[in-house]
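Beneath this line is the structure, given in structure tokens, with notes to follow.
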Amino acid sequence: MSNKPLTLGTQSIGSLLLHYSLPAIIAMTASSLYNMMDSMFIGHGIGPLALAGLSATFPFMNLGAAFGAMVGAGASTVVSVKLGQQDYESANRAMGNVILLNVGIGFLFSVVCLLFLDPILYFFGASDNTIGYARDYMVVILLGNIITHLYLGLNSVLRSSGHPREAMNVTLISVALNFIFNYIFVFVVHWGIRGVAIGTILAQIIALIMVMRYFVKPSSVLKLKAEFLQFSVAISKQILSIGLAPFCMNALACIVVTLINTGLQKYGGDLHVAAYGIDNRIVFFFVMINMGFNQGMQPIAGYNYGAKKYSRVLEVFRYTLYCVVPFGMIGWIACQFMPEWIVAMFSTDEQLNALSSYGLRVLTCLLPLIGFQMVCTNLYQSIGKAKIAIFLSTTRQLLFLIPFLLVLPRYWGTDGVWWSLPLADGLSVLVVSVMIIKLIRELKTEPA
């Protein structure tokens, strides 16, 4: 049996964080390129209205990601903690329940959404001009939803079981395949926005096969065997309870994007919705870098918390912050001083690019603080403190952002929509700062 997970409790924190974060950052950045490439191909190959139609699918994607994250993030924490306790059978059973949960939840989600697709898309901000594009894209995505959930869930488990580089390689290959498929289906065979969705699902099918291959190796700690594919209420409850924090975050993101789309549609029109679609992809790229550091921190913090090595938990938290905040500053500089160059990658429409440049400056004005908030929330999730993680995950959206989006646009129009986001970011950082100080004091006084 591989002793790779055991190094999480003995190796230096700096080298461990580099070992786990670097592949995760590359993987998460590459993963964000899925969305960016979709927008680029649609913007240059189809047009601004297709981009607006794609923007109307964002709440759908957030909702699907919510269910996937609930299983994947919860399983990552459960697996890393069980490996820290050297309970390998429970870790294997957790992986088995990841597969069962992803198949069941993914199937139900697809069936319900396909039955009510058009009304849902209109509710999410589609218009008569963009509904056709949004429908063509989402039908394909929903038909492949189970594949997406299985790939993301098992890739998270692969990373947590001591194979971050392998998880990174799978993601990079899938992104490269997605680029190739998108180019062929959009510019060669002219399948339009439907071709972009087909390319995404085909790339994920190949990636899923590659991930599953790692779990049949004799040296793997986790085994893909039929005996572990037995549904356990206790294990599934543990996975879902821990994964409830990222689920709430993504589910609320669905509501938030819906309010943003409908607000921009009401006070601005289709081009404003398309502008947010571009800006959302760009901000998502920088957020995914932060998530890469968080994913690198998660197995280290979870393992050492399970092994009661609390000083190492605090050390990896500090190291992660030292990495995230400077990267946030780099993103802030890029988005504040050269947004026109960045948005030009997605469209050649001058009016659309002007709207996107303004929105990008507003959305990223507090970008470094967003990374701080994410790391603090992820620390609670990593050590299994699900209730507090849920509270911190939902504070920004539920307590601040949603009320702002409901009130400010009535007085400021589209400006009220744009400025709601940084205002909510600033207030949520104040809340998480108070909570994290309390946790640090607890871990310092907890007996090892």
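Letters for chains follow the order of the structure tokens (A, B, ...), residue numbers begin at 1 for each chain, and ligand numbers begin at 1 in the order shown.
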- request: Enumerate the residues of segment 224-389 of chain A with a DSSP assignment of alpha helix (DSSP H), computed from the backbone, and present them as a count of residues only.
  value: 138
Contacts of segment 398-407 of chain A at 10 Å or less, counting only C-alpha atoms, minus same-chain residues fewer than 6 places along, as a short mmCIF file (atom, residue, chain, number, x, y, z; two decimals) with C-alpha atoms, in the first residue's frame?
data_model
loop_
_atom_site.label_atom_id
_atom_site.label_comp_id
_atom_site.auth_asym_id
_atom_site.auth_seq_id
_atom_site.Cartn_x
_atom_site.Cartn_y
_atom_site.Cartn_z
CA CYS A 248 -24.75 26.64 -0.45
CA MET A 249 -22.12 28.89 -1.98
CA LEU A 252 -26.60 31.09 -3.80
CA ALA A 253 -24.34 31.96 -6.72
CA ILE A 255 -29.57 33.10 -7.31
CA VAL A 256 -27.02 35.91 -7.49
CA VAL A 257 -26.28 35.42 -11.20
CA LEU A 259 -30.52 38.60 -10.16
CA ILE A 260 -27.54 40.07 -12.01
CA GLY A 263 -31.22 43.33 -13.46
CA PHE A 391 -22.32 30.35 7.52
CA GLY A 413 -29.85 51.08 -12.70
CA GLY A 416 -26.44 49.41 -8.90
CA VAL A 417 -25.99 45.89 -10.27
CA TRP A 418 -22.24 46.23 -10.85
CA TRP A 419 -21.38 47.90 -7.53
CA SER A 420 -23.42 45.45 -5.44
CA LEU A 421 -20.65 42.86 -5.79
CA PRO A 422 -17.63 44.75 -4.36
CA LEU A 423 -19.78 46.21 -1.57
CA ALA A 424 -20.77 42.68 -0.50
CA ASP A 425 -17.15 41.53 -0.76
CA GLY A 426 -15.96 44.20 1.65
CA LEU A 427 -18.58 43.45 4.30
CA SER A 428 -18.07 39.67 4.11
#
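Closest approach to Val343 of chain A among A:Ile300, A:Val432, A:Leu360, A:Ala65 is made by A:Leu360 (distances from only C-alpha atoms).
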task: Can you pull out every residue within 10 Å of Glu227 of chain A, counting only C-alpha atoms, but drop anything in the same chain fewer than 6 positions away, and send it as a list in words?
output: Asn92, Arg93 and Gly96 of chain A
- line: Separating atom CA of Glu340 of chain A from atom CA of Val362 of chain A, to the nearest tenth of an Å, is a gap of 13.4 Å
At a cut-off of 9 Å, can you tabulate as a Markdown table every residue of segment 100-141 of chain A near segment 195-218 of chain A together with its closest atom pair and the distance in Å to one decimal, using only C-alpha atoms and ordering rows by chain then number?
| residue | atom | partner | partner_atom | distance |
| --- | --- | --- | --- | --- |
| A:Asp136 | CA | A:Ala197 | CA | 8.5 |
| A:Tyr137 | CA | A:Ala197 | CA | 5.6 |
| A:Met138 | CA | A:Ala197 | CA | 7.7 |
| A:Val139 | CA | A:Ala197 | CA | 8.7 |
| A:Val140 | CA | A:Ala197 | CA | 5.9 |
| A:Ile141 | CA | A:Ala197 | CA | 6.0 |
field: All residues 10 Å or closer to Cys376 of chain A, only C-alpha atoms, same chain fewer than 6 positions away omitted, as a count of residues only
entry: 14
